[in-house]
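What follows is the content of target.txt, which has compact mmCIF, C-alpha atoms:
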# COMPACT_ATOMS: atom_id res chain seq x y z
CA MET Q 162 -20.87 -10.84 -13.44
CA ARG Q 163 -20.87 -8.51 -10.45
CA ARG Q 164 -24.68 -8.11 -10.48
CA LYS Q 165 -25.18 -11.85 -10.74
CA ALA Q 166 -22.86 -12.49 -7.79
CA LEU Q 167 -24.63 -9.91 -5.66
CA PHE Q 168 -28.02 -11.42 -6.53
CA SER Q 169 -26.78 -14.87 -5.53
CA VAL Q 170 -25.67 -13.60 -2.12
CA PHE Q 171 -28.99 -11.82 -1.66
CA ALA Q 172 -31.01 -14.89 -2.64
CA PHE Q 173 -29.06 -17.13 -0.27
CA SER Q 174 -29.49 -14.64 2.57
CA MET Q 175 -33.25 -14.46 2.04
CA LEU Q 176 -33.53 -18.25 1.88
CA MET Q 177 -31.75 -18.39 5.24
CA GLY Q 178 -34.34 -15.99 6.60
CA GLY Q 179 -32.23 -12.91 7.15
CA PRO Q 180 -31.17 -9.70 5.39
CA ILE Q 181 -27.69 -9.03 4.06
CA VAL Q 182 -25.43 -7.55 6.72
CA ARG Q 183 -22.88 -5.11 5.32
CA ALA Q 184 -19.99 -3.59 7.21
CA GLN Q 185 -20.68 0.03 8.02
CA LYS Q 186 -18.18 2.52 6.64
CA SER Q 187 -15.98 4.13 9.27
CA THR Q 188 -15.72 7.89 9.71
CA THR Q 189 -12.28 7.91 8.09
CA ALA Q 190 -13.45 5.75 5.17
CA LEU Q 191 -16.38 8.08 4.54
CA GLN Q 192 -14.01 11.06 4.64
CA MET Q 193 -11.76 9.38 2.06
CA GLU Q 194 -14.69 8.78 -0.28
CA LYS Q 195 -15.97 12.34 0.18
CA LEU Q 196 -12.54 13.59 -0.90
CA GLY Q 197 -12.76 11.50 -4.07
CA PHE Q 198 -10.56 8.55 -3.15
CA VAL Q 199 -11.59 4.97 -3.96
CA ASP Q 200 -11.31 1.69 -2.08
CA VAL Q 201 -8.75 -0.33 -4.08
CA GLN Q 202 -10.78 -3.51 -3.56
CA ASP Q 203 -13.77 -1.84 -5.22
CA VAL Q 204 -11.53 -1.30 -8.23
CA ASP Q 205 -9.96 -4.77 -8.08
CA SER Q 206 -11.32 -7.32 -5.60
CA ALA Q 207 -8.28 -9.57 -6.21
CA LEU Q 208 -6.02 -7.09 -4.42
CA ARG Q 209 -5.36 -8.19 -0.84
CA VAL Q 210 -5.33 -5.55 1.91
CA SER Q 211 -3.74 -5.68 5.37
CA LEU Q 212 -3.04 -2.15 6.59
CA MET Q 213 0.06 -2.18 8.76
CA TYR Q 214 -0.93 0.98 10.63
CA ALA Q 215 -4.22 -0.62 11.62
CA ARG Q 216 -2.06 -3.05 13.63
CA ALA Q 217 0.80 -2.58 16.09
CA ASP Q 218 3.46 -4.42 14.03
CA ASN Q 219 4.87 -1.31 12.37
CA PHE Q 220 7.84 0.95 13.08
CA MET Q 221 5.73 2.96 15.54
CA GLY Q 222 4.84 -0.15 17.53
CA ARG Q 223 1.21 0.89 17.95
CA VAL Q 224 -2.09 1.21 16.11
CA LEU Q 225 -2.39 4.49 14.20
CA TYR Q 226 -5.49 3.83 12.10
CA LYS Q 227 -8.17 3.54 14.77
CA ASP Q 228 -11.10 3.02 12.39
CA LEU Q 229 -9.60 2.44 8.94
CA ARG Q 230 -9.24 -1.04 7.44
CA GLU Q 231 -9.65 -0.25 3.73
CA ALA Q 232 -6.92 0.97 1.39
CA TYR Q 233 -7.89 4.16 -0.46
CA LEU Q 234 -6.11 5.77 -3.41
CA HIS Q 235 -6.69 8.42 -6.04
CA PRO Q 236 -8.83 6.71 -8.75
CA GLU Q 237 -6.05 6.80 -11.34
CA ALA Q 238 -3.50 5.36 -8.92
CA ALA Q 239 -5.97 2.62 -7.98
CA LYS Q 240 -6.48 1.71 -11.63
CA SER Q 241 -2.74 1.49 -12.15
CA LEU Q 242 -2.36 -0.73 -9.10
CA SER Q 243 -4.96 -3.05 -10.60
CA ARG Q 244 -2.99 -3.00 -13.84
CA ALA Q 245 0.15 -4.03 -11.96
CA ARG Q 246 -1.68 -6.96 -10.39
CA LYS Q 247 -2.93 -8.11 -13.79
CA ILE Q 248 0.57 -7.93 -15.27
CA LEU Q 249 1.82 -9.94 -12.30
CA GLN Q 250 -0.95 -12.52 -12.71
CA ALA Q 251 -0.18 -12.97 -16.40
CA GLU Q 252 3.52 -13.61 -15.79
CA HIS Q 253 3.43 -15.21 -12.34
CA PRO Q 254 -0.04 -16.81 -11.93
CA HIS Q 255 0.72 -18.02 -8.41
CA LEU Q 256 1.50 -14.53 -7.09
CA GLY Q 257 -0.69 -11.69 -5.88
CA ILE Q 258 -0.24 -8.14 -4.55
CA ILE Q 259 -0.91 -7.27 -0.92
CA VAL Q 260 -1.42 -3.63 0.11
CA TYR Q 261 0.00 -2.52 3.45
CA ASP Q 262 -0.68 1.22 3.22
CA ALA Q 263 -2.21 3.68 0.81
CA ALA Q 264 -3.85 7.08 1.39
CA ARG Q 265 -2.80 8.43 4.79
CA PRO Q 266 -4.29 11.41 6.66
CA MET Q 267 -1.85 14.19 7.48
CA HIS Q 268 -2.57 14.01 11.21
CA ILE Q 269 -1.24 10.44 11.14
CA GLN Q 270 1.80 11.65 9.21
CA GLN Q 271 2.40 14.18 11.99
CA GLN Q 272 2.43 11.42 14.60
CA MET Q 273 5.03 9.54 12.56
CA TRP Q 274 7.18 12.62 12.12
CA ASN Q 275 7.03 13.41 15.84
CA ALA Q 276 8.38 9.93 16.55
CA VAL Q 277 11.44 10.22 14.25
CA SER Q 278 12.20 13.95 14.33
CA GLY Q 279 15.73 14.48 15.60
CA THR Q 280 16.71 10.84 15.02
CA PRO Q 281 18.55 9.08 12.13
CA LYS Q 282 15.20 7.57 11.07
CA ARG Q 283 13.84 10.98 10.08
CA ILE Q 284 15.03 10.33 6.51
CA TYR Q 285 12.26 7.75 6.15
CA VAL Q 286 9.35 10.02 7.10
CA CYS Q 287 8.23 13.16 5.25
CA ASN Q 288 7.81 16.27 7.36
CA PRO Q 289 4.20 17.55 7.31
CA LYS Q 290 5.52 21.12 7.42
CA ASN Q 291 7.04 20.51 3.99
CA GLY Q 292 3.80 19.18 2.57
CA GLY Q 293 4.12 15.60 3.74
CA GLY Q 294 4.58 12.71 1.35
CA LEU Q 295 2.61 11.17 -1.48
CA HIS Q 296 0.68 8.89 0.87
CA ASN Q 297 -0.92 12.08 2.13
CA TYR Q 298 -2.30 12.75 -1.35
CA GLY Q 299 -3.47 9.19 -2.02
CA MET Q 300 -0.72 8.92 -4.64
CA ALA Q 301 1.59 6.36 -3.01
CA VAL Q 302 1.13 2.75 -2.00
CA ASP Q 303 3.07 0.25 0.10
CA VAL Q 304 2.86 -3.27 -1.32
CA SER Q 305 4.44 -6.70 -1.35
CA LEU Q 306 3.92 -10.08 -3.00
CA TYR Q 307 2.24 -13.20 -1.66
CA ASN Q 308 1.57 -16.73 -2.83
CA ILE Q 309 -2.12 -16.94 -3.67
CA HIS Q 310 -2.21 -20.69 -2.99
CA SER Q 311 -0.62 -20.69 0.47
CA GLY Q 312 -1.44 -17.10 1.44
CA ASP Q 313 2.14 -16.60 2.61
CA THR Q 314 4.04 -13.42 1.78
CA LEU Q 315 7.28 -13.81 -0.14
CA ASP Q 316 10.75 -13.29 1.30
CA MET Q 317 11.72 -9.68 0.63
CA GLY Q 318 14.78 -9.54 2.86
CA THR Q 319 13.15 -7.46 5.59
CA GLN Q 320 9.77 -7.10 7.20
CA ILE Q 321 7.49 -4.43 5.79
CA ASP Q 322 8.19 -0.99 7.34
CA PHE Q 323 11.78 -1.84 8.27
CA LEU Q 324 13.67 1.44 8.48
CA GLY Q 325 17.29 0.65 7.60
CA LYS Q 326 19.74 -0.05 4.78
CA GLN Q 327 18.52 -3.64 4.41
CA ALA Q 328 15.36 -2.17 2.86
CA HIS Q 329 17.21 0.10 0.39
CA ILE Q 330 16.83 -1.07 -3.21
CA SER Q 331 20.10 0.67 -4.13
CA GLU Q 332 21.98 -1.61 -1.69
CA GLU Q 333 20.59 -4.96 -2.83
CA ASP Q 334 23.62 -6.34 -4.67
CA SER Q 335 25.86 -5.52 -1.73
CA LEU Q 336 23.36 -6.94 0.75
CA VAL Q 337 23.23 -10.22 -1.18
CA ALA Q 338 27.02 -10.37 -1.44
CA GLN Q 339 27.29 -9.91 2.33
CA GLY Q 340 24.65 -12.55 2.99
CA ILE Q 341 22.35 -10.02 4.65
CA ILE Q 342 19.48 -10.74 2.27
CA SER Q 343 19.08 -13.76 -0.01
CA SER Q 344 19.27 -13.75 -3.79
CA GLU Q 345 15.66 -14.98 -3.70
CA ALA Q 346 14.64 -11.87 -1.78
CA ARG Q 347 16.40 -9.67 -4.34
CA GLU Q 348 14.62 -11.50 -7.17
CA ASN Q 349 11.25 -11.09 -5.45
CA ARG Q 350 11.87 -7.36 -5.05
CA GLN Q 351 12.78 -7.15 -8.72
CA ILE Q 352 9.56 -8.90 -9.75
CA LEU Q 353 7.56 -6.42 -7.66
CA ARG Q 354 9.40 -3.38 -9.07
CA ASN Q 355 9.05 -4.66 -12.61
CA VAL Q 356 5.26 -4.94 -12.54
CA MET Q 357 4.81 -1.70 -10.60
CA ARG Q 358 7.04 0.26 -12.98
CA ARG Q 359 5.13 -1.08 -15.98
CA ALA Q 360 1.94 0.19 -14.33
CA ARG Q 361 3.47 3.69 -14.06
CA PHE Q 362 4.64 3.60 -10.44
CA THR Q 363 8.10 4.76 -9.36
CA PRO Q 364 9.94 2.88 -6.59
CA LEU Q 365 11.40 4.64 -3.57
CA LYS Q 366 15.13 3.96 -3.18
CA THR Q 367 15.02 3.53 0.60
CA GLU Q 368 11.93 1.30 0.92
CA TRP Q 369 11.45 -1.72 -1.35
CA TRP Q 370 7.69 -1.71 -0.65
CA HIS Q 371 6.96 1.96 -1.43
CA PHE Q 372 5.81 3.16 -4.86
CA ASN Q 373 4.80 6.65 -6.00
CA TYR Q 374 2.27 7.32 -8.74
CA ILE Q 375 3.28 10.94 -9.38
CA SER Q 376 6.00 13.28 -8.11
CA ARG Q 377 5.71 15.31 -4.92
CA ALA Q 378 6.01 18.52 -6.96
CA GLU Q 379 3.05 17.48 -9.11
CA ALA Q 380 1.02 16.50 -6.05
CA LYS Q 381 1.64 19.81 -4.31
CA ALA Q 382 0.81 21.78 -7.48
CA HIS Q 383 -2.46 20.06 -8.33
CA TYR Q 384 -3.83 18.27 -5.27
CA LYS Q 385 -4.59 18.84 -1.62
CA PRO Q 386 -3.34 16.60 1.20
CA ILE Q 387 -5.75 14.59 3.34
CA PRO Q 388 -6.35 16.42 6.66
How does the structure come out when it is put into structure tokens?
Amino acid sequence: MRRKALFSVFAFSMLMGGPIVRAQKSTTALQMEKLGFVDVQDVDSALRVSLMYARADNFMGRVLYKDLREAYLHPEAAKSLSRARKILQAEHPHLGIIVYDAARPMHIQQQMWNAVSGTPKRIYVCNPKNGGGLHNYGMAVDVSLYNIHSGDTLDMGTQIDFLGKQAHISEEDSLVAQGIISSEARENRQILRNVMRRARFTPLKTEWWHFNYISRAEAKAHYKPIP
């Protein structure tokens, strides 16, 4: 099916009198591939990607990924993310998974740590001196759910990358009881956690969107962080 689709695009392009124009890989993307990471959309084209650190609407308030628009992961983590999407599709055909962050270079992690070091928000960012976090090994992913018909993301109670108790999964019942997040938001988070857990990911207690594929101890023992 993939070859046929590519041939169709090629044939149409030639009929229109021009060659196929492909986006050139950025320096960071090429580095990711050289290190063995894979573009999640090459593994599963139905995954939607919108990297929050390629925009300014994140907790840092500025663009951190200057030339990266693709989401890269370790191949096994990427396969499991695809598995989660397929489980979701089977049970909730109108929903899809959107990726907000994946493999993250350590020099970007350092910028994040510098911004929160010495503040209460430091609990949300892993210190590079301690080996960083699983994003730095391509073994963690930040995701949410969206309606594939409208394109709108679902209510999750907070915006992605919100650093505060409203994002803690351990606080959800209390947050609903206090009217801080809706019961619909709690249900949407539960749907997301359910499919991600069944695909071998572990949720992070303080961020409803963050899922780890392996433990930090395992990552440090067997893998190297992205420079």
Give me the residues within 9 Å of Q:Pro236 as a ChimeraX atom specification, counting only C-alpha atoms and dropping any in the same chain fewer than 5 places off.
/Q:197-201,204,241,299
Proximity check stretch 295-315 of chain Q to stretch 254-269 of chain Q, 7 Å, nearest pairs one decimal Å, only C-alpha atoms, as JSON lines:
{"residue": "Q:His296", "atom": "CA", "partner": "Q:Ala264", "partner_atom": "CA", "distance": 4.9}
{"residue": "Q:Asn297", "atom": "CA", "partner": "Q:Arg265", "partner_atom": "CA", "distance": 4.9}
{"residue": "Q:Tyr298", "atom": "CA", "partner": "Q:Ala264", "partner_atom": "CA", "distance": 6.5}
{"residue": "Q:Gly299", "atom": "CA", "partner": "Q:Ala264", "partner_atom": "CA", "distance": 4.0}
{"residue": "Q:Ala301", "atom": "CA", "partner": "Q:Ala263", "partner_atom": "CA", "distance": 6.0}
{"residue": "Q:Val302", "atom": "CA", "partner": "Q:Ala263", "partner_atom": "CA", "distance": 4.5}
{"residue": "Q:Asp303", "atom": "CA", "partner": "Q:Asp262", "partner_atom": "CA", "distance": 5.0}
{"residue": "Q:Val304", "atom": "CA", "partner": "Q:Val260", "partner_atom": "CA", "distance": 4.5}
{"residue": "Q:Ser305", "atom": "CA", "partner": "Q:Ile259", "partner_atom": "CA", "distance": 5.4}
{"residue": "Q:Leu306", "atom": "CA", "partner": "Q:Ile258", "partner_atom": "CA", "distance": 4.8}
{"residue": "Q:Tyr307", "atom": "CA", "partner": "Q:Gly257", "partner_atom": "CA", "distance": 5.4}
{"residue": "Q:Asn308", "atom": "CA", "partner": "Q:Leu256", "partner_atom": "CA", "distance": 4.8}
{"residue": "Q:Ile309", "atom": "CA", "partner": "Q:Leu256", "partner_atom": "CA", "distance": 5.5}
{"residue": "Q:His310", "atom": "CA", "partner": "Q:His255", "partner_atom": "CA", "distance": 6.7}
Atom CA of Q:Glu237 to atom CA of Q:Arg209: how many Å, to one decimal?
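We find that atom CA of Q:Glu237 and atom CA of Q:Arg209 lie 18.3 Å from each other.
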So how many Å separate atom CA of Q:Arg359 and atom CA of Q:Gly318, to one decimal?
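Pair atom CA of Q:Arg359 / atom CA of Q:Gly318 returns 22.8 Å.
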Non-local contacts of Q:Tyr374 (10 Å; only C-alpha atoms; under 6 positions in same chain excluded) as a compact mmCIF listing (two decimals) with C-alpha atoms, keeping the file's coordinate frame:
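That gives us out25.txt:
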# COMPACT_ATOMS: atom_id res chain seq x y z
CA HIS Q 235 -6.69 8.42 -6.04
CA GLU Q 237 -6.05 6.80 -11.34
CA ALA Q 238 -3.50 5.36 -8.92
CA ALA Q 239 -5.97 2.62 -7.98
CA SER Q 241 -2.74 1.49 -12.15
CA LEU Q 242 -2.36 -0.73 -9.10
CA LEU Q 295 2.61 11.17 -1.48
CA HIS Q 296 0.68 8.89 0.87
CA GLY Q 299 -3.47 9.19 -2.02
CA MET Q 300 -0.72 8.92 -4.64
CA ALA Q 301 1.59 6.36 -3.01
CA VAL Q 302 1.13 2.75 -2.00
CA MET Q 357 4.81 -1.70 -10.60
CA ARG Q 358 7.04 0.26 -12.98
CA ALA Q 360 1.94 0.19 -14.33
CA ARG Q 361 3.47 3.69 -14.06
CA PHE Q 362 4.64 3.60 -10.44
CA THR Q 363 8.10 4.76 -9.36
CA PRO Q 364 9.94 2.88 -6.59
CA ALA Q 380 1.02 16.50 -6.05
Nearest residue to Q:Arg354 from the set Q:Met273, Q:Lys290, Q:Met317, Q:Tyr384 (distances using only C-alpha atoms)
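Closest to Q:Arg354, using only C-alpha atoms: Q:Met317.
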Ranking Q:Pro388, Q:Gln250, Q:Asp322, Q:Ala245 by minimum distance to Q:Pro289 and counting all atoms listed in the file, which one comes first?
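Of Q:Pro388, Q:Gln250, Q:Asp322, Q:Ala245, the one nearest Q:Pro289, counting all atoms listed in the file, is Q:Pro388.
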Centre, edges in Å (one decimal): axis-aligned box, stretch 291-305 of chain Q, 6 Å padding on all six sides, as lines of an AutoDock Vina configuration file:
center_x = 1.8
center_y = 6.9
center_z = -0.3
size_x = 22.5
size_y = 39.2
size_z = 20.6
One number please: atom CA of Q:Arg350 to atom CA of Q:Ala328, in Å, one decimal.
10.1 Å
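The residue that comes closest to Q:Tyr214, out of Q:Leu191, Q:Leu229, Q:Ala251, Q:Ala378 and on the basis of all atoms listed in the file, is Q:Leu229.
Across Q:Ser311, Q:Thr188, Q:Gln272, Q:Ser243, the tightest approach to Q:Val224 is made by Q:Gln272 when counting all atoms listed in the file.
Excluding Q:Glu333 and any residue on its chain fewer than 5 positions from it, the residues at most 8 Å away by all atoms listed in the file are Gln327, Ile342 and Arg347 of chain Q.
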Which residue, Q:Arg377, Q:Arg230, Q:Lys366, Q:His253, has the smallest gap to Q:Asn291 when you use only C-alpha atoms?
Q:Arg377
Counting all atoms listed in the file, what is within 12 Å of stretch 279-282 of chain Q, bar same-chain residues fewer than 6 positions away, as a VMD selection string?
chain Q and resid 220 to 221 273 288 322 to 326 367
Measuring between only C-alpha atoms, which one of Q:Gly294, Q:Glu368, Q:Lys247, Q:His329 shows the shortest distance to Q:Gln270?
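Selected residue with least distance to Q:Gln270: Q:Gly294.
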